[in-house]
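> Sharing a structure with you now.
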Amino acid sequence: MIQKIALGKTEAQVSELCLGAMYFGSKLNARDSALVLDTYVDHGGSFLDTANIYARWIEGCDGLESERFLGDWFERTGKRADIFVATKVGFDNVAVGFGLRRHQIEASCEASLKLMKTDYIDLMYAHTDDRETPLEETLEAFARLHRAGKVRYLGASNYVPWRLEQARMLCENNRWPGYVCMQQRLTYLRPVPVPLDRLHTEVSDDVMDYAVDSGLTILAYSPLMGGYYNHQDERPVPKLYDGDFNRPRLAALNEVAREIEGITPNQLVLTWMRQQAAPVIPLISGSSRQQLVENIQCLNYRLSPAQLERLNQA
Ligand SMILES: NC(=O)c1ccc[n+]([C@@H]2O[C@H](COP(=O)([O-])OP(=O)(O)OC[C@H]3O[C@@H](n4cnc5c(N)ncnc54)[C@H](OP(=O)(O)O)[C@@H]3O)[C@@H](O)[C@H]2O)c1
């Protein structure tokens with residue numbers, strides 16, 4: 001069963017595996033989305049991750065599908081109070097556009113509340129950094145929502161450590177509620193040194209150190225590289241991770257996977273990230289019940305110090 005752990009340095013307890021709701025109501029139809037969500041809840045999970053743009057890039061979608069699906073699910077099941085729901089603002093939403101101006105944050109929050117048929121959001125993220133908007137404006141807007149009881153906790157996604165530190169200092173000086181967690185891309189393979197864009201960031205060694213030092217929980221997105229690890233012979237390595245420098249890493253992963261009875265490469269990646277220096281909550285997902293259950297069952301495994309060291313050093 002999925003257990004709960006602390007979210008950052010707060011008193012909130014959240015599931016040790018968070019369910020990514022990115023494709024609910026779009027790539028996954030309503031029936032399959034409900035099947036995956038119910039399966040997660042049946043395994044004791046209660047931490048959901050959505051955004052105000054999921055999944056706008058799919059043909060025929062406006063990006064409100066995921067929040068809308070969750071609102072319908074909350075209404076139908078009456079389980080809103082049992083769930084810790086996170087949503088995000090900042091990327092190119094159909095109504096408020098890209099950015100973290102005060103009016104965008106306020107309008108997006110109202111829209112998320114309406115779509116999810118709730119009067120509070122447990123965790124609201126800045127989805128990506130907006131360097132055109134003064135950080136003060138963004139953080140003050142979030143503080144107002146917090147004061148109004150509309151948002152319980154705040155998180156930052158795709159921020160680099162120096163910007164997180166600036167945000168921390170501003171919040172401390174102004175007595176605003178600060179970011180309690182960060183959501184970044186993290187998988188076992190290392191990304192290519194030149195980032196594909198600056199709007200998405202990786203958990204680098206620096207980010208990990210910053211999380212340890214600041215007490216921020218890391219929410220790891222896209223941990224399975226779209227399911228690549230279980231299909232290494234059938235699929236090319238995604239472009240972001242394609243480089244000779246990853247050969248020893250992939251070899252180490254497959255070698256350790258062979259040593260541990262029953263573990264799949266996907267499960268090993270999730271197990272590995274849960275044993276890093278900072279608290280890491282993987283954002284798991286699945287296109288089917290079977291995929292999700294496999295991912296949840298990563299909880300059955302623990303790496304020995306020697307195995308962890310081999311994977312870390314590769
Ligand atoms: N903050 C951000 O900027 C950001 C960005 C991206 C995502 N996210 C969050 O992170 C969550 C996860 O992201 P992601 O979908 O990119 O994660 P991912 O772990 O890289 O990929 C998930 C996909 O992998 C495949 N898969 C999952 N489990 C599998 C298994 N056991 N065996 C084989 N294939 C498996 C499925 O794809 P198939 O349908 O192909 O089988 C599934 O849709 C999202 O739902 C969202 O909440 C946040």
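In the structure tokens, chains take letters A, B, ... by order of appearance, with residues numbered from 1 within each chain and ligands from 1 in the order shown.
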Name the residues of range 59-207 of chain A that come out as alpha helix (DSSP H) in a backbone DSSP run; write them as a VMD selection string.
chain A and resid 65 to 77 102 to 115 135 to 147 161 to 174 205 to 207
> When you look at range 251-253 of chain A with a cut-off of 8 Å (counting only C-alpha atoms), what residues show up, excluding the ones that are within fewer than 4 positions of it in the same chain? I need them as a list in words.
Arg247, Ala257, Pro265, Leu268, Val269, Arg310, Leu311 and Ala314 of chain A
> Using only C-alpha atoms, determine which residues lie at most 6 Å from Leu48 in chain A, disregarding the query and same-chain residues fewer than 3 positions distant; provide the list as JSON, numbers by chain.
{"A": [18, 19, 85]}
> From the options A:Glu259, A:Asp92, A:Glu136, A:Glu165, which residue's atoms come nearest to ligand 1, counting only C-alpha atoms and all ligand atoms?
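Looking at the shortest contact to ligand 1, the residue is A:Asp92.
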> Excluding Tyr221 in chain A and residues on its chain fewer than 2 positions from it, collect all residues at most 12 Å away from it, counting only C-alpha atoms, and give them as a PyMOL selection string.
chain A and resi 17-22+49-50+127+157-158+182-188+200-203+218-219+223-226+270+273+280-285
> Print the selection's residues with N, CA and C atoms to a file, as a CSV table (one decimal), in the first residue's frame.

```
chain,number,residue,atom,x,y,z
A,17,LEU,N,4.0,8.2,-3.6
A,17,LEU,CA,3.9,8.2,-5.0
A,17,LEU,C,2.7,9.1,-5.4
A,18,CYS,N,3.0,10.1,-6.3
A,18,CYS,CA,1.9,11.0,-6.7
A,18,CYS,C,1.4,10.5,-8.1
A,19,LEU,N,0.1,10.6,-8.3
A,19,LEU,CA,-0.4,10.2,-9.6
A,19,LEU,C,-0.5,11.4,-10.6
A,20,GLY,N,0.2,11.2,-11.7
A,20,GLY,CA,0.2,12.3,-12.8
A,20,GLY,C,-1.1,12.1,-13.5
A,21,ALA,N,-1.9,13.2,-13.6
A,21,ALA,CA,-3.2,13.2,-14.2
A,21,ALA,C,-3.2,13.9,-15.6
A,22,MET,N,-2.0,14.0,-16.2
A,22,MET,CA,-1.8,14.8,-17.4
A,22,MET,C,-2.7,14.3,-18.5
A,49,ASP,N,-1.7,15.0,-9.4
A,49,ASP,CA,-1.0,16.2,-10.1
A,49,ASP,C,-1.6,16.5,-11.4
A,50,THR,N,-2.2,17.7,-11.5
A,50,THR,CA,-2.7,18.2,-12.8
A,50,THR,C,-2.2,19.6,-13.1
A,127,HIS,N,4.2,26.8,-12.8
A,127,HIS,CA,4.5,25.6,-13.7
A,127,HIS,C,5.9,25.7,-14.3
A,157,SER,N,7.8,24.7,-10.2
A,157,SER,CA,8.2,23.7,-11.2
A,157,SER,C,9.1,24.4,-12.2
A,158,ASN,N,10.1,23.6,-12.6
A,158,ASN,CA,11.1,24.1,-13.6
A,158,ASN,C,11.8,25.4,-13.2
A,182,MET,N,9.5,21.3,-5.1
A,182,MET,CA,9.8,21.7,-6.5
A,182,MET,C,9.6,20.5,-7.4
A,183,GLN,N,9.0,20.8,-8.6
A,183,GLN,CA,8.7,19.7,-9.5
A,183,GLN,C,9.6,19.9,-10.7
A,184,GLN,N,10.5,18.9,-10.9
A,184,GLN,CA,11.5,19.0,-12.0
A,184,GLN,C,11.5,17.6,-12.7
A,185,ARG,N,12.1,17.6,-13.9
A,185,ARG,CA,12.2,16.3,-14.6
A,185,ARG,C,13.3,15.5,-14.0
A,186,LEU,N,13.0,14.2,-13.7
A,186,LEU,CA,14.1,13.4,-13.1
A,186,LEU,C,13.8,11.9,-13.6
A,187,THR,N,14.9,11.4,-14.2
A,187,THR,CA,14.9,10.0,-14.5
A,187,THR,C,16.3,9.4,-14.2
A,188,TYR,N,16.5,8.2,-14.6
A,188,TYR,CA,17.8,7.6,-14.2
A,188,TYR,C,18.9,8.1,-15.2
A,200,HIS,N,11.7,23.9,-19.2
A,200,HIS,CA,11.7,22.7,-18.5
A,200,HIS,C,13.1,22.4,-17.9
A,201,THR,N,13.2,22.1,-16.6
A,201,THR,CA,14.5,21.9,-16.1
A,201,THR,C,14.6,20.5,-15.4
A,202,GLU,N,15.8,20.0,-15.3
A,202,GLU,CA,16.1,18.7,-14.8
A,202,GLU,C,16.5,18.8,-13.3
A,203,VAL,N,16.4,17.7,-12.6
A,203,VAL,CA,17.0,17.6,-11.3
A,203,VAL,C,18.5,17.3,-11.5
A,218,ILE,N,11.3,17.0,-3.7
A,218,ILE,CA,11.3,17.0,-5.2
A,218,ILE,C,10.2,16.1,-5.7
A,219,LEU,N,9.4,16.7,-6.6
A,219,LEU,CA,8.4,15.9,-7.3
A,219,LEU,C,9.0,15.6,-8.7
A,223,PRO,N,9.4,10.3,-15.0
A,223,PRO,CA,10.5,9.5,-14.5
A,223,PRO,C,10.8,8.3,-15.4
A,224,LEU,N,9.8,7.8,-16.2
A,224,LEU,CA,10.0,6.6,-16.9
A,224,LEU,C,10.4,6.9,-18.4
A,225,MET,N,10.6,8.1,-18.7
A,225,MET,CA,10.9,8.5,-20.1
A,225,MET,C,9.9,7.8,-21.1
A,226,GLY,N,8.6,8.0,-20.7
A,226,GLY,CA,7.5,7.5,-21.6
A,226,GLY,C,7.5,6.0,-21.7
A,270,LEU,N,12.3,3.9,-10.5
A,270,LEU,CA,11.5,4.5,-9.4
A,270,LEU,C,12.1,4.2,-8.0
A,273,MET,N,15.2,6.4,-7.5
A,273,MET,CA,15.0,7.8,-7.2
A,273,MET,C,14.5,8.1,-5.8
A,280,VAL,N,12.3,12.3,-2.6
A,280,VAL,CA,11.8,12.4,-4.0
A,280,VAL,C,10.5,11.7,-4.0
A,281,ILE,N,9.5,12.3,-4.6
A,281,ILE,CA,8.2,11.7,-4.8
A,281,ILE,C,8.0,11.6,-6.3
A,282,PRO,N,8.1,10.3,-6.9
A,282,PRO,CA,7.9,10.2,-8.3
A,282,PRO,C,6.5,10.5,-8.7
A,283,LEU,N,6.3,11.1,-9.9
A,283,LEU,CA,5.0,11.3,-10.5
A,283,LEU,C,4.8,10.1,-11.4
A,284,ILE,N,4.0,9.1,-10.9
A,284,ILE,CA,3.8,7.9,-11.7
A,284,ILE,C,2.5,8.1,-12.5
A,285,SER,N,2.4,7.3,-13.5
A,285,SER,CA,1.2,7.4,-14.3
A,285,SER,C,1.1,6.0,-15.0
```
> Which residues, written as a PDB file with N, CA and C atoms, in the first residue's frame, have at least one atom at most 10 Å from Arg168 in chain A, with only C-alpha atoms counted and residues fewer than 2 positions away on the same chain left out?

```pdb
ATOM      1  N   LEU A 139       4.857  36.064  -6.341  1.00  0.00           N
ATOM      2  CA  LEU A 139       4.772  35.509  -4.985  1.00  0.00           C
ATOM      3  C   LEU A 139       3.693  36.216  -4.160  1.00  0.00           C
ATOM      4  N   TRP A 162      18.988  29.069  -8.129  1.00  0.00           N
ATOM      5  CA  TRP A 162      19.180  30.457  -7.684  1.00  0.00           C
ATOM      6  C   TRP A 162      17.869  31.229  -7.679  1.00  0.00           C
ATOM      7  N   ARG A 163      16.960  30.875  -8.567  1.00  0.00           N
ATOM      8  CA  ARG A 163      15.649  31.529  -8.569  1.00  0.00           C
ATOM      9  C   ARG A 163      14.804  31.050  -7.384  1.00  0.00           C
ATOM     10  N   LEU A 164      14.951  29.775  -7.037  1.00  0.00           N
ATOM     11  CA  LEU A 164      14.247  29.264  -5.855  1.00  0.00           C
ATOM     12  C   LEU A 164      14.737  29.977  -4.600  1.00  0.00           C
ATOM     13  N   GLU A 165      16.036  30.212  -4.552  1.00  0.00           N
ATOM     14  CA  GLU A 165      16.613  30.878  -3.388  1.00  0.00           C
ATOM     15  C   GLU A 165      16.140  32.339  -3.322  1.00  0.00           C
ATOM     16  N   GLN A 166      16.077  32.998  -4.476  1.00  0.00           N
ATOM     17  CA  GLN A 166      15.529  34.367  -4.504  1.00  0.00           C
ATOM     18  C   GLN A 166      14.097  34.370  -3.986  1.00  0.00           C
ATOM     19  N   LEU A 170      12.610  36.367  -0.676  1.00  0.00           N
ATOM     20  CA  LEU A 170      11.504  37.334  -0.802  1.00  0.00           C
ATOM     21  C   LEU A 170      10.341  36.956   0.112  1.00  0.00           C
ATOM     22  N   CYS A 171      10.037  35.673   0.151  1.00  0.00           N
ATOM     23  CA  CYS A 171       8.909  35.222   0.985  1.00  0.00           C
ATOM     24  C   CYS A 171       9.238  35.425   2.459  1.00  0.00           C
ATOM     25  N   GLU A 172      10.471  35.127   2.808  1.00  0.00           N
ATOM     26  CA  GLU A 172      10.862  35.295   4.211  1.00  0.00           C
ATOM     27  C   GLU A 172      10.754  36.778   4.612  1.00  0.00           C
ATOM     28  N   ASN A 173      11.286  37.660   3.760  1.00  0.00           N
ATOM     29  CA  ASN A 173      11.280  39.093   4.083  1.00  0.00           C
ATOM     30  C   ASN A 173       9.873  39.684   4.129  1.00  0.00           C
ATOM     31  N   TRP A 176       5.486  36.037   3.279  1.00  0.00           N
ATOM     32  CA  TRP A 176       4.583  35.339   2.360  1.00  0.00           C
ATOM     33  C   TRP A 176       4.844  33.846   2.486  1.00  0.00           C
ATOM     34  N   PRO A 177       3.846  33.017   2.194  1.00  0.00           N
ATOM     35  CA  PRO A 177       4.101  31.570   2.228  1.00  0.00           C
ATOM     36  C   PRO A 177       5.038  31.192   1.075  1.00  0.00           C
ATOM     37  N   GLY A 178       6.077  30.464   1.368  1.00  0.00           N
ATOM     38  CA  GLY A 178       7.067  30.141   0.329  1.00  0.00           C
ATOM     39  C   GLY A 178       6.743  28.840  -0.387  1.00  0.00           C
ATOM     40  N   TYR A 179       7.556  28.547  -1.394  1.00  0.00           N
ATOM     41  CA  TYR A 179       7.426  27.268  -2.096  1.00  0.00           C
ATOM     42  C   TYR A 179       7.873  26.143  -1.157  1.00  0.00           C
ATOM     43  N   VAL A 180       7.076  25.082  -1.086  1.00  0.00           N
ATOM     44  CA  VAL A 180       7.406  23.985  -0.173  1.00  0.00           C
ATOM     45  C   VAL A 180       7.955  22.762  -0.908  1.00  0.00           C
ATOM     46  N   SER A 214      17.555  22.980   1.620  1.00  0.00           N
ATOM     47  CA  SER A 214      16.399  23.835   1.893  1.00  0.00           C
ATOM     48  C   SER A 214      15.211  23.059   2.458  1.00  0.00           C
TER      49      SER A 214
END
```
> Give me, as a list in words, all polymer residues having an atom no more than 12 Å from Ile58 in chain A, counting only C-alpha atoms and skipping those fewer than 4 positions away in the same chain.
Met22, Tyr23, Phe24, Gly25, Ser26, Lys27, Leu28, Ile53, Tyr54, Asp62, Gly63, Leu64 and Glu65 of chain A
> Next, write the just-selected residues to a file, as a PDB file, in the first residue's frame, keeping N, CA and C atoms as the atom set.

```pdb
ATOM      1  N   MET A  22      -1.967  13.974 -16.178  1.00  0.00           N
ATOM      2  CA  MET A  22      -1.784  14.769 -17.395  1.00  0.00           C
ATOM      3  C   MET A  22      -2.702  14.331 -18.549  1.00  0.00           C
ATOM      4  N   TYR A  23      -2.902  13.025 -18.703  1.00  0.00           N
ATOM      5  CA  TYR A  23      -3.666  12.551 -19.860  1.00  0.00           C
ATOM      6  C   TYR A  23      -5.094  12.153 -19.531  1.00  0.00           C
ATOM      7  N   PHE A  24      -5.558  12.484 -18.314  1.00  0.00           N
ATOM      8  CA  PHE A  24      -6.938  12.136 -17.975  1.00  0.00           C
ATOM      9  C   PHE A  24      -7.897  12.971 -18.825  1.00  0.00           C
ATOM     10  N   GLY A  25      -8.844  12.285 -19.437  1.00  0.00           N
ATOM     11  CA  GLY A  25      -9.866  12.979 -20.238  1.00  0.00           C
ATOM     12  C   GLY A  25      -9.385  13.372 -21.621  1.00  0.00           C
ATOM     13  N   SER A  26      -8.132  13.045 -21.984  1.00  0.00           N
ATOM     14  CA  SER A  26      -7.645  13.364 -23.341  1.00  0.00           C
ATOM     15  C   SER A  26      -7.084  12.110 -23.998  1.00  0.00           C
ATOM     16  N   LYS A  27      -5.770  11.845 -23.833  1.00  0.00           N
ATOM     17  CA  LYS A  27      -5.207  10.605 -24.395  1.00  0.00           C
ATOM     18  C   LYS A  27      -5.926   9.388 -23.792  1.00  0.00           C
ATOM     19  N   LEU A  28      -6.251   9.475 -22.520  1.00  0.00           N
ATOM     20  CA  LEU A  28      -7.053   8.429 -21.872  1.00  0.00           C
ATOM     21  C   LEU A  28      -8.495   8.912 -21.810  1.00  0.00           C
ATOM     22  N   ILE A  53      -3.168  23.188 -18.291  1.00  0.00           N
ATOM     23  CA  ILE A  53      -2.909  23.016 -19.748  1.00  0.00           C
ATOM     24  C   ILE A  53      -2.920  21.553 -20.180  1.00  0.00           C
ATOM     25  N   TYR A  54      -3.394  20.646 -19.313  1.00  0.00           N
ATOM     26  CA  TYR A  54      -3.342  19.210 -19.664  1.00  0.00           C
ATOM     27  C   TYR A  54      -4.591  18.771 -20.393  1.00  0.00           C
ATOM     28  N   ASP A  62      -8.397  21.407 -25.457  1.00  0.00           N
ATOM     29  CA  ASP A  62      -8.118  22.797 -25.070  1.00  0.00           C
ATOM     30  C   ASP A  62      -7.229  22.891 -23.836  1.00  0.00           C
ATOM     31  N   GLY A  63      -6.889  21.749 -23.255  1.00  0.00           N
ATOM     32  CA  GLY A  63      -5.995  21.753 -22.101  1.00  0.00           C
ATOM     33  C   GLY A  63      -6.717  21.809 -20.761  1.00  0.00           C
ATOM     34  N   LEU A  64      -8.042  21.785 -20.820  1.00  0.00           N
ATOM     35  CA  LEU A  64      -8.801  21.827 -19.567  1.00  0.00           C
ATOM     36  C   LEU A  64      -9.356  20.445 -19.219  1.00  0.00           C
ATOM     37  N   GLU A  65      -8.998  19.453 -20.055  1.00  0.00           N
ATOM     38  CA  GLU A  65      -9.600  18.120 -19.916  1.00  0.00           C
ATOM     39  C   GLU A  65      -9.298  17.475 -18.573  1.00  0.00           C
TER      40      GLU A  65
END
```
> Determine which residues of range 65-167 of chain A DSSP labels as strand (DSSP E or B) from the backbone of this structure, then write them out as number ranges by chain.
A: 84-89, 93, 97, 121-126, 151-157
> I need the residue nearest ligand 1 from this list: A:Gly155, A:Gly99, A:Pro248, A:Pro193. Use only C-alpha atoms and all ligand atoms for the distance.
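Going through A:Gly155, A:Gly99, A:Pro248, A:Pro193 one by one, the smallest distance to ligand 1 is for A:Gly155.
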> Just the residues within 9 Å of Met1 in chain A, please, counting only C-alpha atoms, with nothing from its chain fewer than 2 positions along; format it as a list in words.
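Within the cut-off, the hits are Gln3, Asp42, His43, Gly44, Gly45, Ile296, Gln297 and Leu299 of chain A.
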> Separation of CA of Tyr120 in chain A and CA of Ala55 in chain A, in Å?
22.1 Å
> Nearest to ligand 1 among A:Tyr153, A:Tyr301, A:Tyr125, A:Phe142, with distances taken over only C-alpha atoms and all ligand atoms: which residue is it?
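Of all the options, A:Tyr125 lies closest to ligand 1.
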